[in-house]
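Enquirer: The file below is upload.pdb, PDB, C-alpha atoms and all ligand atoms:
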```
ATOM      1  CA  MET E   1    -127.129  89.606  48.994  1.00  0.00           C
ATOM      2  CA  SER E   2    -130.174  89.046  51.200  1.00  0.00           C
ATOM      3  CA  ASN E   3    -132.298  91.613  53.011  1.00  0.00           C
ATOM      4  CA  GLU E   4    -133.035  89.055  55.687  1.00  0.00           C
ATOM      5  CA  SER E   5    -131.934  89.858  59.220  1.00  0.00           C
ATOM      6  CA  VAL E   6    -130.337  87.689  61.857  1.00  0.00           C
ATOM      7  CA  LEU E   7    -132.243  87.488  65.141  1.00  0.00           C
ATOM      8  CA  ILE E   8    -130.413  86.834  68.402  1.00  0.00           C
ATOM      9  CA  ALA E   9    -132.076  84.790  71.157  1.00  0.00           C
ATOM     10  CA  PRO E  10    -129.974  84.485  74.334  1.00  0.00           C
ATOM     11  CA  SER E  11    -130.798  81.360  76.344  1.00  0.00           C
ATOM     12  CA  VAL E  12    -131.480  82.175  79.996  1.00  0.00           C
ATOM     13  CA  LEU E  13    -130.427  78.630  80.884  1.00  0.00           C
ATOM     14  CA  SER E  14    -126.940  80.149  81.296  1.00  0.00           C
ATOM     15  CA  ALA E  15    -128.145  83.198  83.254  1.00  0.00           C
ATOM     16  CA  ASP E  16    -127.671  83.754  86.996  1.00  0.00           C
ATOM     17  CA  PHE E  17    -131.136  82.653  88.186  1.00  0.00           C
ATOM     18  CA  THR E  18    -130.758  84.505  91.482  1.00  0.00           C
ATOM     19  CA  ARG E  19    -130.642  87.764  89.470  1.00  0.00           C
ATOM     20  CA  LEU E  20    -132.969  86.915  86.592  1.00  0.00           C
ATOM     21  CA  GLY E  21    -134.490  90.417  86.371  1.00  0.00           C
ATOM     22  CA  GLU E  22    -131.077  92.082  85.984  1.00  0.00           C
ATOM     23  CA  GLU E  23    -129.944  89.370  83.562  1.00  0.00           C
ATOM     24  CA  LEU E  24    -132.995  90.060  81.378  1.00  0.00           C
ATOM     25  CA  GLU E  25    -132.293  93.809  81.465  1.00  0.00           C
ATOM     26  CA  SER E  26    -128.726  93.112  80.350  1.00  0.00           C
ATOM     27  CA  ILE E  27    -129.958  91.481  77.093  1.00  0.00           C
ATOM     28  CA  ALA E  28    -132.526  94.144  76.148  1.00  0.00           C
ATOM     29  CA  ASN E  29    -130.779  94.595  72.762  1.00  0.00           C
ATOM     30  CA  ALA E  30    -131.590  90.976  71.797  1.00  0.00           C
ATOM     31  CA  ASP E  31    -134.580  89.996  69.623  1.00  0.00           C
ATOM     32  CA  LEU E  32    -136.032  87.129  71.666  1.00  0.00           C
ATOM     33  CA  VAL E  33    -135.492  85.473  75.045  1.00  0.00           C
ATOM     34  CA  HIS E  34    -134.892  81.719  74.634  1.00  0.00           C
ATOM     35  CA  TYR E  35    -136.399  79.759  77.541  1.00  0.00           C
ATOM     36  CA  ASP E  36    -135.315  76.110  77.809  1.00  0.00           C
ATOM     37  CA  VAL E  37    -137.792  73.821  79.569  1.00  0.00           C
ATOM     38  CA  MET E  38    -136.235  70.452  80.513  1.00  0.00           C
ATOM     39  CA  ASP E  39    -138.270  67.742  82.189  1.00  0.00           C
ATOM     40  CA  GLY E  40    -135.629  65.232  83.335  1.00  0.00           C
ATOM     41  CA  HIS E  41    -137.139  62.589  80.993  1.00  0.00           C
ATOM     42  CA  PHE E  42    -136.872  63.822  77.409  1.00  0.00           C
ATOM     43  CA  VAL E  43    -133.458  65.166  78.398  1.00  0.00           C
ATOM     44  CA  PRO E  44    -131.332  64.227  81.417  1.00  0.00           C
ATOM     45  CA  ASN E  45    -131.680  67.597  83.112  1.00  0.00           C
ATOM     46  CA  LEU E  46    -134.294  69.768  84.808  1.00  0.00           C
ATOM     47  CA  SER E  47    -134.590  73.526  84.361  1.00  0.00           C
ATOM     48  CA  PHE E  48    -137.612  75.719  85.051  1.00  0.00           C
ATOM     49  CA  GLY E  49    -141.358  75.816  84.399  1.00  0.00           C
ATOM     50  CA  THR E  50    -144.356  78.097  83.968  1.00  0.00           C
ATOM     51  CA  GLU E  51    -144.024  80.187  87.126  1.00  0.00           C
ATOM     52  CA  ILE E  52    -140.583  81.515  86.236  1.00  0.00           C
ATOM     53  CA  LEU E  53    -141.806  82.114  82.656  1.00  0.00           C
ATOM     54  CA  ARG E  54    -144.613  84.269  84.061  1.00  0.00           C
ATOM     55  CA  GLN E  55    -142.087  86.274  86.099  1.00  0.00           C
ATOM     56  CA  ALA E  56    -139.779  86.629  83.084  1.00  0.00           C
ATOM     57  CA  LYS E  57    -142.720  87.884  81.003  1.00  0.00           C
ATOM     58  CA  ALA E  58    -143.289  90.676  83.518  1.00  0.00           C
ATOM     59  CA  ALA E  59    -139.582  91.552  83.539  1.00  0.00           C
ATOM     60  CA  THR E  60    -138.900  91.933  79.789  1.00  0.00           C
ATOM     61  CA  LYS E  61    -140.489  93.467  76.713  1.00  0.00           C
ATOM     62  CA  LEU E  62    -138.829  90.882  74.432  1.00  0.00           C
ATOM     63  CA  PRO E  63    -140.870  88.012  72.980  1.00  0.00           C
ATOM     64  CA  LEU E  64    -140.457  84.715  74.831  1.00  0.00           C
ATOM     65  CA  ASP E  65    -139.211  81.801  72.726  1.00  0.00           C
ATOM     66  CA  VAL E  66    -140.083  78.669  74.727  1.00  0.00           C
ATOM     67  CA  HIS E  67    -138.147  75.493  73.830  1.00  0.00           C
ATOM     68  CA  LEU E  68    -139.969  72.511  75.325  1.00  0.00           C
ATOM     69  CA  MET E  69    -137.670  69.529  75.876  1.00  0.00           C
ATOM     70  CA  VAL E  70    -140.418  67.401  77.382  1.00  0.00           C
ATOM     71  CA  THR E  71    -141.895  63.980  76.617  1.00  0.00           C
ATOM     72  CA  ASN E  72    -145.512  65.186  76.763  1.00  0.00           C
ATOM     73  CA  PRO E  73    -145.826  68.428  74.759  1.00  0.00           C
ATOM     74  CA  GLU E  74    -149.541  67.802  74.111  1.00  0.00           C
ATOM     75  CA  GLU E  75    -150.130  68.239  77.815  1.00  0.00           C
ATOM     76  CA  GLN E  76    -147.604  71.006  78.453  1.00  0.00           C
ATOM     77  CA  VAL E  77    -147.976  73.319  75.429  1.00  0.00           C
ATOM     78  CA  PRO E  78    -151.237  74.833  76.787  1.00  0.00           C
ATOM     79  CA  TRP E  79    -149.545  75.607  80.128  1.00  0.00           C
ATOM     80  CA  TYR E  80    -146.842  77.657  78.410  1.00  0.00           C
ATOM     81  CA  LEU E  81    -149.278  79.425  76.091  1.00  0.00           C
ATOM     82  CA  GLU E  82    -151.255  80.441  79.148  1.00  0.00           C
ATOM     83  CA  ALA E  83    -148.074  81.626  80.913  1.00  0.00           C
ATOM     84  CA  GLY E  84    -147.223  84.020  78.053  1.00  0.00           C
ATOM     85  CA  ALA E  85    -145.070  82.185  75.489  1.00  0.00           C
ATOM     86  CA  ASP E  86    -144.855  84.054  72.169  1.00  0.00           C
ATOM     87  CA  VAL E  87    -143.140  81.243  70.264  1.00  0.00           C
ATOM     88  CA  VAL E  88    -143.618  77.605  71.283  1.00  0.00           C
ATOM     89  CA  THR E  89    -141.231  74.882  70.129  1.00  0.00           C
ATOM     90  CA  PHE E  90    -141.870  71.196  70.700  1.00  0.00           C
ATOM     91  CA  HIS E  91    -139.644  68.326  69.605  1.00  0.00           C
ATOM     92  CA  TYR E  92    -140.500  66.146  66.626  1.00  0.00           C
ATOM     93  CA  GLU E  93    -139.094  63.193  68.619  1.00  0.00           C
ATOM     94  CA  ALA E  94    -141.558  63.750  71.479  1.00  0.00           C
ATOM     95  CA  GLN E  95    -144.853  64.506  69.810  1.00  0.00           C
ATOM     96  CA  THR E  96    -147.570  62.236  68.506  1.00  0.00           C
ATOM     97  CA  HIS E  97    -149.947  64.682  66.744  1.00  0.00           C
ATOM     98  CA  ALA E  98    -147.800  67.502  65.350  1.00  0.00           C
ATOM     99  CA  ASP E  99    -150.523  69.000  63.185  1.00  0.00           C
ATOM    100  CA  ARG E 100    -152.983  69.257  66.068  1.00  0.00           C
ATOM    101  CA  LEU E 101    -150.335  70.804  68.310  1.00  0.00           C
ATOM    102  CA  VAL E 102    -149.363  73.405  65.704  1.00  0.00           C
ATOM    103  CA  GLY E 103    -153.049  74.320  65.310  1.00  0.00           C
ATOM    104  CA  LEU E 104    -153.420  74.717  69.046  1.00  0.00           C
ATOM    105  CA  ILE E 105    -150.406  77.070  69.195  1.00  0.00           C
ATOM    106  CA  HIS E 106    -151.744  79.156  66.292  1.00  0.00           C
ATOM    107  CA  ASP E 107    -155.234  79.333  67.814  1.00  0.00           C
ATOM    108  CA  ALA E 108    -153.662  80.907  70.896  1.00  0.00           C
ATOM    109  CA  GLY E 109    -152.015  83.570  68.687  1.00  0.00           C
ATOM    110  CA  ALA E 110    -148.467  82.270  69.166  1.00  0.00           C
ATOM    111  CA  LYS E 111    -145.851  81.150  66.624  1.00  0.00           C
ATOM    112  CA  ALA E 112    -145.271  77.424  66.162  1.00  0.00           C
ATOM    113  CA  CYS E 113    -141.905  75.735  65.807  1.00  0.00           C
ATOM    114  CA  VAL E 114    -140.757  72.106  65.666  1.00  0.00           C
ATOM    115  CA  ALA E 115    -137.272  71.113  66.853  1.00  0.00           C
ATOM    116  CA  LEU E 116    -135.105  68.342  65.419  1.00  0.00           C
ATOM    117  CA  ASN E 117    -132.449  66.535  67.454  1.00  0.00           C
ATOM    118  CA  PRO E 118    -129.069  66.113  65.733  1.00  0.00           C
ATOM    119  CA  GLY E 119    -129.933  62.499  64.809  1.00  0.00           C
ATOM    120  CA  THR E 120    -133.265  63.350  63.152  1.00  0.00           C
ATOM    121  CA  PRO E 121    -133.162  64.160  59.413  1.00  0.00           C
ATOM    122  CA  VAL E 122    -135.023  67.197  58.030  1.00  0.00           C
ATOM    123  CA  VAL E 123    -137.254  64.969  55.889  1.00  0.00           C
ATOM    124  CA  ALA E 124    -139.122  64.139  59.123  1.00  0.00           C
ATOM    125  CA  LEU E 125    -140.802  67.562  58.748  1.00  0.00           C
ATOM    126  CA  ASP E 126    -142.082  67.007  55.222  1.00  0.00           C
ATOM    127  CA  ALA E 127    -145.781  66.731  56.154  1.00  0.00           C
ATOM    128  CA  ILE E 128    -145.825  69.672  58.560  1.00  0.00           C
ATOM    129  CA  LEU E 129    -143.261  72.123  57.135  1.00  0.00           C
ATOM    130  CA  ASP E 130    -145.827  74.332  55.379  1.00  0.00           C
ATOM    131  CA  GLU E 131    -147.599  75.039  58.696  1.00  0.00           C
ATOM    132  CA  LEU E 132    -144.529  76.110  60.646  1.00  0.00           C
ATOM    133  CA  ASP E 133    -143.394  79.623  61.535  1.00  0.00           C
ATOM    134  CA  MET E 134    -139.970  78.331  62.528  1.00  0.00           C
ATOM    135  CA  VAL E 135    -137.851  75.165  62.496  1.00  0.00           C
ATOM    136  CA  LEU E 136    -135.292  74.612  65.267  1.00  0.00           C
ATOM    137  CA  VAL E 137    -132.207  72.660  64.228  1.00  0.00           C
ATOM    138  CA  MET E 138    -130.448  71.445  67.379  1.00  0.00           C
ATOM    139  CA  THR E 139    -126.712  71.826  66.887  1.00  0.00           C
ATOM    140  CA  VAL E 140    -125.915  69.882  70.091  1.00  0.00           C
ATOM    141  CA  ASN E 141    -127.761  67.021  71.756  1.00  0.00           C
ATOM    142  CA  PRO E 142    -130.317  68.801  73.959  1.00  0.00           C
ATOM    143  CA  GLY E 143    -130.022  68.836  77.733  1.00  0.00           C
ATOM    144  CA  PHE E 144    -127.185  71.154  78.703  1.00  0.00           C
ATOM    145  CA  GLY E 145    -125.707  74.534  77.912  1.00  0.00           C
ATOM    146  CA  GLY E 146    -122.014  74.970  77.104  1.00  0.00           C
ATOM    147  CA  GLN E 147    -121.602  71.976  74.744  1.00  0.00           C
ATOM    148  CA  SER E 148    -119.618  71.931  71.490  1.00  0.00           C
ATOM    149  CA  PHE E 149    -121.288  72.601  68.132  1.00  0.00           C
ATOM    150  CA  ILE E 150    -121.849  69.450  66.000  1.00  0.00           C
ATOM    151  CA  PRO E 151    -120.234  70.204  62.581  1.00  0.00           C
ATOM    152  CA  GLY E 152    -122.657  67.902  60.673  1.00  0.00           C
ATOM    153  CA  SER E 153    -125.349  70.518  61.422  1.00  0.00           C
ATOM    154  CA  ILE E 154    -124.111  72.616  58.495  1.00  0.00           C
ATOM    155  CA  GLY E 155    -125.150  70.007  55.903  1.00  0.00           C
ATOM    156  CA  LYS E 156    -128.484  69.650  57.675  1.00  0.00           C
ATOM    157  CA  LEU E 157    -129.143  73.400  57.491  1.00  0.00           C
ATOM    158  CA  ARG E 158    -128.409  73.359  53.765  1.00  0.00           C
ATOM    159  CA  ALA E 159    -130.752  70.364  53.299  1.00  0.00           C
ATOM    160  CA  LEU E 160    -133.484  72.235  55.197  1.00  0.00           C
ATOM    161  CA  ARG E 161    -133.032  75.274  52.952  1.00  0.00           C
ATOM    162  CA  ARG E 162    -133.405  73.101  49.860  1.00  0.00           C
ATOM    163  CA  MET E 163    -136.507  71.453  51.307  1.00  0.00           C
ATOM    164  CA  CYS E 164    -138.068  74.847  52.112  1.00  0.00           C
ATOM    165  CA  ALA E 165    -137.379  76.013  48.541  1.00  0.00           C
ATOM    166  CA  GLU E 166    -139.058  72.867  47.179  1.00  0.00           C
ATOM    167  CA  HIS E 167    -142.093  73.552  49.371  1.00  0.00           C
ATOM    168  CA  GLY E 168    -142.105  77.257  48.471  1.00  0.00           C
ATOM    169  CA  VAL E 169    -142.021  78.287  52.142  1.00  0.00           C
ATOM    170  CA  SER E 170    -139.566  80.293  54.211  1.00  0.00           C
ATOM    171  CA  PRO E 171    -139.983  79.616  57.920  1.00  0.00           C
ATOM    172  CA  LEU E 172    -137.464  81.101  60.316  1.00  0.00           C
ATOM    173  CA  VAL E 173    -134.596  78.672  60.923  1.00  0.00           C
ATOM    174  CA  GLU E 174    -133.274  78.645  64.471  1.00  0.00           C
ATOM    175  CA  VAL E 175    -130.031  77.008  65.588  1.00  0.00           C
ATOM    176  CA  ASP E 176    -129.368  76.071  69.178  1.00  0.00           C
ATOM    177  CA  GLY E 177    -126.213  74.839  70.885  1.00  0.00           C
ATOM    178  CA  GLY E 178    -122.534  75.713  70.758  1.00  0.00           C
ATOM    179  CA  ILE E 179    -122.985  78.928  68.769  1.00  0.00           C
ATOM    180  CA  GLY E 180    -120.615  81.858  69.284  1.00  0.00           C
ATOM    181  CA  ALA E 181    -118.962  84.705  67.397  1.00  0.00           C
ATOM    182  CA  ASP E 182    -116.561  82.228  65.731  1.00  0.00           C
ATOM    183  CA  ASN E 183    -119.176  80.010  64.028  1.00  0.00           C
ATOM    184  CA  VAL E 184    -122.312  82.176  63.731  1.00  0.00           C
ATOM    185  CA  GLY E 185    -121.321  83.325  60.225  1.00  0.00           C
ATOM    186  CA  GLU E 186    -121.061  79.714  59.044  1.00  0.00           C
ATOM    187  CA  VAL E 187    -124.507  78.680  60.356  1.00  0.00           C
ATOM    188  CA  VAL E 188    -126.120  81.793  58.868  1.00  0.00           C
ATOM    189  CA  ALA E 189    -124.421  81.168  55.513  1.00  0.00           C
ATOM    190  CA  ALA E 190    -125.898  77.634  55.614  1.00  0.00           C
ATOM    191  CA  GLY E 191    -129.442  78.911  56.247  1.00  0.00           C
ATOM    192  CA  ALA E 192    -129.991  79.845  59.916  1.00  0.00           C
ATOM    193  CA  ASN E 193    -131.503  83.223  60.827  1.00  0.00           C
ATOM    194  CA  VAL E 194    -132.394  82.870  64.522  1.00  0.00           C
ATOM    195  CA  ILE E 195    -129.368  82.318  66.729  1.00  0.00           C
ATOM    196  CA  VAL E 196    -129.685  80.898  70.235  1.00  0.00           C
ATOM    197  CA  ALA E 197    -126.652  81.524  72.408  1.00  0.00           C
ATOM    198  CA  GLY E 198    -126.522  80.774  76.120  1.00  0.00           C
ATOM    199  CA  SER E 199    -123.024  80.494  77.529  1.00  0.00           C
ATOM    200  CA  LYS E 200    -121.468  82.775  74.886  1.00  0.00           C
ATOM    201  CA  VAL E 201    -123.775  85.625  75.974  1.00  0.00           C
ATOM    202  CA  PHE E 202    -124.225  85.133  79.711  1.00  0.00           C
ATOM    203  CA  LYS E 203    -120.611  84.131  80.469  1.00  0.00           C
ATOM    204  CA  ALA E 204    -119.303  87.203  78.593  1.00  0.00           C
ATOM    205  CA  ALA E 205    -118.285  90.238  80.651  1.00  0.00           C
ATOM    206  CA  ASP E 206    -120.596  92.472  78.578  1.00  0.00           C
ATOM    207  CA  HIS E 207    -123.791  90.667  77.508  1.00  0.00           C
ATOM    208  CA  ALA E 208    -125.033  93.439  75.203  1.00  0.00           C
ATOM    209  CA  ALA E 209    -121.663  93.569  73.407  1.00  0.00           C
ATOM    210  CA  ALA E 210    -121.668  89.768  72.960  1.00  0.00           C
ATOM    211  CA  ILE E 211    -125.124  90.048  71.339  1.00  0.00           C
ATOM    212  CA  GLU E 212    -123.933  92.785  68.965  1.00  0.00           C
ATOM    213  CA  GLU E 213    -120.887  90.718  67.984  1.00  0.00           C
ATOM    214  CA  LEU E 214    -123.147  87.743  67.157  1.00  0.00           C
ATOM    215  CA  ARG E 215    -125.392  90.041  65.109  1.00  0.00           C
ATOM    216  CA  ARG E 216    -122.444  91.547  63.227  1.00  0.00           C
ATOM    217  CA  ASN E 217    -120.757  88.227  62.458  1.00  0.00           C
ATOM    218  CA  GLY E 218    -124.126  86.692  61.565  1.00  0.00           C
ATOM    219  CA  ALA E 219    -124.744  89.480  59.044  1.00  0.00           C
ATOM    220  CA  MET E 220    -121.407  88.634  57.401  1.00  0.00           C
ATOM    221  CA  GLY E 221    -122.673  85.054  57.017  1.00  0.00           C
ATOM    222  CA  LEU E 222    -125.823  86.354  55.299  1.00  0.00           C
ATOM    223  CA  ALA E 223    -123.673  88.097  52.734  1.00  0.00           C
ATOM    224  CA  LYS E 224    -121.901  84.756  52.005  1.00  0.00           C
ATOM    225  CA  ARG E 225    -125.147  82.901  51.212  1.00  0.00           C
ATOM    226  CA  ALA E 226    -125.322  81.648  47.636  1.00  0.00           C
TER     227      ALA E 226
HETATM  228  O1  LIG E 301    -131.640  73.915  74.324  1.00  0.00           O
HETATM  229  C1  LIG E 301    -130.508  74.067  74.750  1.00  0.00           C
HETATM  230  C2  LIG E 301    -129.712  72.941  75.329  1.00  0.00           C
HETATM  231  O2  LIG E 301    -130.491  71.794  75.327  1.00  0.00           O
HETATM  232  C3  LIG E 301    -129.909  75.398  74.601  1.00  0.00           C
HETATM  233  O3  LIG E 301    -130.827  76.408  74.349  1.00  0.00           O
HETATM  234  C4  LIG E 301    -128.720  75.816  75.439  1.00  0.00           C
HETATM  235  O4  LIG E 301    -129.082  76.627  76.495  1.00  0.00           O
HETATM  236  C5  LIG E 301    -127.719  76.525  74.553  1.00  0.00           C
HETATM  237  O5  LIG E 301    -126.604  76.822  75.288  1.00  0.00           O
HETATM  238  P1  LIG E 301    -125.173  77.147  74.639  1.00  0.00           P
HETATM  239  O6  LIG E 301    -124.741  75.924  73.865  1.00  0.00           O
HETATM  240  O7  LIG E 301    -125.365  78.333  73.754  1.00  0.00           O
HETATM  241  O8  LIG E 301    -124.313  77.418  75.833  1.00  0.00           O
HETATM  242 CO    CO E 302    -132.842  75.625  73.616  1.00  0.00          CO
END
```
Translate the structure described by the file into structure tokens.
Ligand SMILES: O=C(CO)[C@@H](O)[C@H](O)COP(=O)(O)O
Ligand SMILES: [Co+2]

Expert:
Amino acid sequence: MSNESVLIAPSVLSADFTRLGEELESIANADLVHYDVMDGHFVPNLSFGTEILRQAKAATKLPLDVHLMVTNPEEQVPWYLEAGADVVTFHYEAQTHADRLVGLIHDAGAKACVALNPGTPVVALDAILDELDMVLVMTVNPGFGGQSFIPGSIGKLRALRRMCAEHGVSPLVEVDGGIGADNVGEVVAAGANVIVAGSKVFKAADHAAAIEELRRNGAMGLAKRA
């Protein structure tokens, strides 16, 4: 059995934006706030930018986990570091100089993460894996909240675990999209330890209780890991 813990990162993409302060208070028992930036090009949707991140930073004590779904992360990463991001994720499919970008994030004192779309194999990270604090495995095609989990993600999580063991590293492994109390145990058993959940937290009647249920069921998945 592992001593590792499961971290819960509610995605404010599913929050009521007109009451963002109260929504952030309602998830104070979470570990991170997941902040989805969508540019209308990398993904077919637009969300929010640096100004709302700055306001969120002032309204919560939780670390801000910024997921950049943008075509030009080299330009935008510095904006989000300056606005208070604690973890910055850019997509493998969007970047051109991953190593430089990771260095820039570390120089600013933040944690660096690279995200993989469902169609991108984990081997894409081979050259950069040792530098990463976290890997984000997208379990839906990015762009929208409330989609269904892609079952093939389980094999990909296991492949990532094997690759990390080969490299002798243990970055955090975040999963994002279609995760709820019913499947969190399975993704944790396969190797995930940071759980993003948007609709399953913010559409629940009691947000804090939904977070605790994810944490509890995730811990059961940890116990099932080989
Ligand atoms: O990055 C994304 C979507 O592109 C996510 O972070 C979603 O916000 C997750 O939402 P649910 O699938 O949990 O509703
Ligand atoms: Co996300």

Enquirer: Taking all atoms listed in the file into account, which residues have an atom no farther than 10 Å from ligand LIG 301 (chain E)? I'd like them as an MDAnalysis selection string.

Expert: chainID E and resid 9:15 34:38 43:45 66:69 115 117 136 138:149 175:180 195:203

Enquirer: I'd like the neighbourhood of Leu62 of chain E as a compact mmCIF listing (two decimals) with C-alpha atoms, keeping the file's coordinate frame, where a residue qualifies if any of its atoms comes within 8 Å (using only C-alpha atoms), though same-chain residues fewer than 4 positions away should be ignored.

Expert:
```txt
# COMPACT_ATOMS: atom_id res chain seq x y z
CA ALA E 28 -132.53 94.14 76.15
CA ALA E 30 -131.59 90.98 71.80
CA ASP E 31 -134.58 90.00 69.62
CA LEU E 32 -136.03 87.13 71.67
CA VAL E 33 -135.49 85.47 75.04
```

Enquirer: Using the chain letters and numbering of this document, enumerate as number ranges by chain the residues selected by the PyMOL selection byres (((chain E and resi 73) around 9) and not hetatm).

Expert: E: 68-72, 74-78, 90-91, 94-96, 101

Enquirer: Record the distance separating atom CA of Ala108 of chain E and atom CA of Leu81 of chain E, expressed in Å with one decimal.

Expert: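 Taking atom CA of Ala108 of chain E and atom CA of Leu81 of chain E, their separation equals 7.0 Å.
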
Enquirer: Report, in Å with one decimal, the straight-line distance from atom CA of Ala219 of chain E to atom CA of Ser5 of chain E.

Expert: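 The value is 7.2 Å.
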
Enquirer: How many Å lie between atom CA of Val123 of chain E and atom CA of Lys156 of chain E, rounded to one decimal?

Expert: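 Between atom CA of Val123 of chain E and atom CA of Lys156 of chain E the gap works out to 10.1 Å.
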
Enquirer: List the residues matched by the PyMOL selection byres (((chain E and resi 51) around 12) and not hetatm) in the displayed structure as a PDB file with C-alpha atoms, in the frame of the given file, ordered by chain and then by residue number.

Expert:
```pdb
ATOM      1  CA  VAL E  37    -137.792  73.821  79.569  1.00  0.00           C
ATOM      2  CA  SER E  47    -134.590  73.526  84.361  1.00  0.00           C
ATOM      3  CA  PHE E  48    -137.612  75.719  85.051  1.00  0.00           C
ATOM      4  CA  GLY E  49    -141.358  75.816  84.399  1.00  0.00           C
ATOM      5  CA  THR E  50    -144.356  78.097  83.968  1.00  0.00           C
ATOM      6  CA  ILE E  52    -140.583  81.515  86.236  1.00  0.00           C
ATOM      7  CA  LEU E  53    -141.806  82.114  82.656  1.00  0.00           C
ATOM      8  CA  ARG E  54    -144.613  84.269  84.061  1.00  0.00           C
ATOM      9  CA  GLN E  55    -142.087  86.274  86.099  1.00  0.00           C
ATOM     10  CA  ALA E  56    -139.779  86.629  83.084  1.00  0.00           C
ATOM     11  CA  LYS E  57    -142.720  87.884  81.003  1.00  0.00           C
ATOM     12  CA  ALA E  58    -143.289  90.676  83.518  1.00  0.00           C
ATOM     13  CA  TRP E  79    -149.545  75.607  80.128  1.00  0.00           C
ATOM     14  CA  TYR E  80    -146.842  77.657  78.410  1.00  0.00           C
ATOM     15  CA  GLU E  82    -151.255  80.441  79.148  1.00  0.00           C
ATOM     16  CA  ALA E  83    -148.074  81.626  80.913  1.00  0.00           C
ATOM     17  CA  GLY E  84    -147.223  84.020  78.053  1.00  0.00           C
ATOM     18  CA  ALA E  85    -145.070  82.185  75.489  1.00  0.00           C
TER      19      ALA E  85
END
```

Enquirer: Can you spell out as a list in words the set of residues that the PyMOL selection byres (((chain E and resi 221) around 7) and not hetatm) selects in the structure I just provided?

Expert: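 Applied to this file, the PyMOL selection byres (((chain E and resi 221) around 7) and not hetatm) selects Gly185, Glu186, Val188, Ala189, Asn217, Gly218, Ala219, Met220, Leu222, Ala223, Lys224 and Arg225 of chain E.
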
Enquirer: Given only C-alpha atoms as the basis, pick out the residue of E:Glu4, E:Glu174, E:Asp99, E:Glu23 nearest to Asp206 of chain E.

Expert: E:Glu23

Enquirer: Go through E:Leu104, E:His167, E:Leu20, E:Val88 one by one, measure the shortest atom-to-atom distance of each to ligand CO 302 (chain E) using only C-alpha atoms and all ligand atoms, and give the residue with the smallest value.

Expert: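 For ligand CO 302 (chain E), the nearest of the given residues is E:Val88.
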
Enquirer: Closest to ligand CO 302 (chain E) among E:His41, E:Val194, E:Thr120, E:Met163, using only C-alpha atoms and all ligand atoms?

Expert: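 For ligand CO 302 (chain E), the nearest of the candidates is E:Val194.
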
Enquirer: Identify which of the residues E:Ala59, E:Cys113, E:Thr18, E:Gly103 lies closest to ligand CO 302 (chain E), counting only C-alpha atoms and all ligand atoms when measuring atom-to-atom distances.

Expert: E:Cys113

Enquirer: When you look at Ala124 of chain E with a cut-off of 12 Å (counting all atoms listed in the file), what residues show up, excluding the ones that are within fewer than 5 positions of it in the same chain? I need them as a PDB file with C-alpha atoms, in the frame of the given file.

Expert:
```pdb
ATOM      1  CA  HIS E  91    -139.644  68.326  69.605  1.00  0.00           C
ATOM      2  CA  TYR E  92    -140.500  66.146  66.626  1.00  0.00           C
ATOM      3  CA  GLU E  93    -139.094  63.193  68.619  1.00  0.00           C
ATOM      4  CA  ALA E  98    -147.800  67.502  65.350  1.00  0.00           C
ATOM      5  CA  VAL E 114    -140.757  72.106  65.666  1.00  0.00           C
ATOM      6  CA  ALA E 115    -137.272  71.113  66.853  1.00  0.00           C
ATOM      7  CA  LEU E 116    -135.105  68.342  65.419  1.00  0.00           C
ATOM      8  CA  ASN E 117    -132.449  66.535  67.454  1.00  0.00           C
ATOM      9  CA  GLY E 119    -129.933  62.499  64.809  1.00  0.00           C
ATOM     10  CA  LEU E 129    -143.261  72.123  57.135  1.00  0.00           C
ATOM     11  CA  VAL E 135    -137.851  75.165  62.496  1.00  0.00           C
ATOM     12  CA  ALA E 159    -130.752  70.364  53.299  1.00  0.00           C
ATOM     13  CA  LEU E 160    -133.484  72.235  55.197  1.00  0.00           C
ATOM     14  CA  MET E 163    -136.507  71.453  51.307  1.00  0.00           C
TER      15      MET E 163
END
```
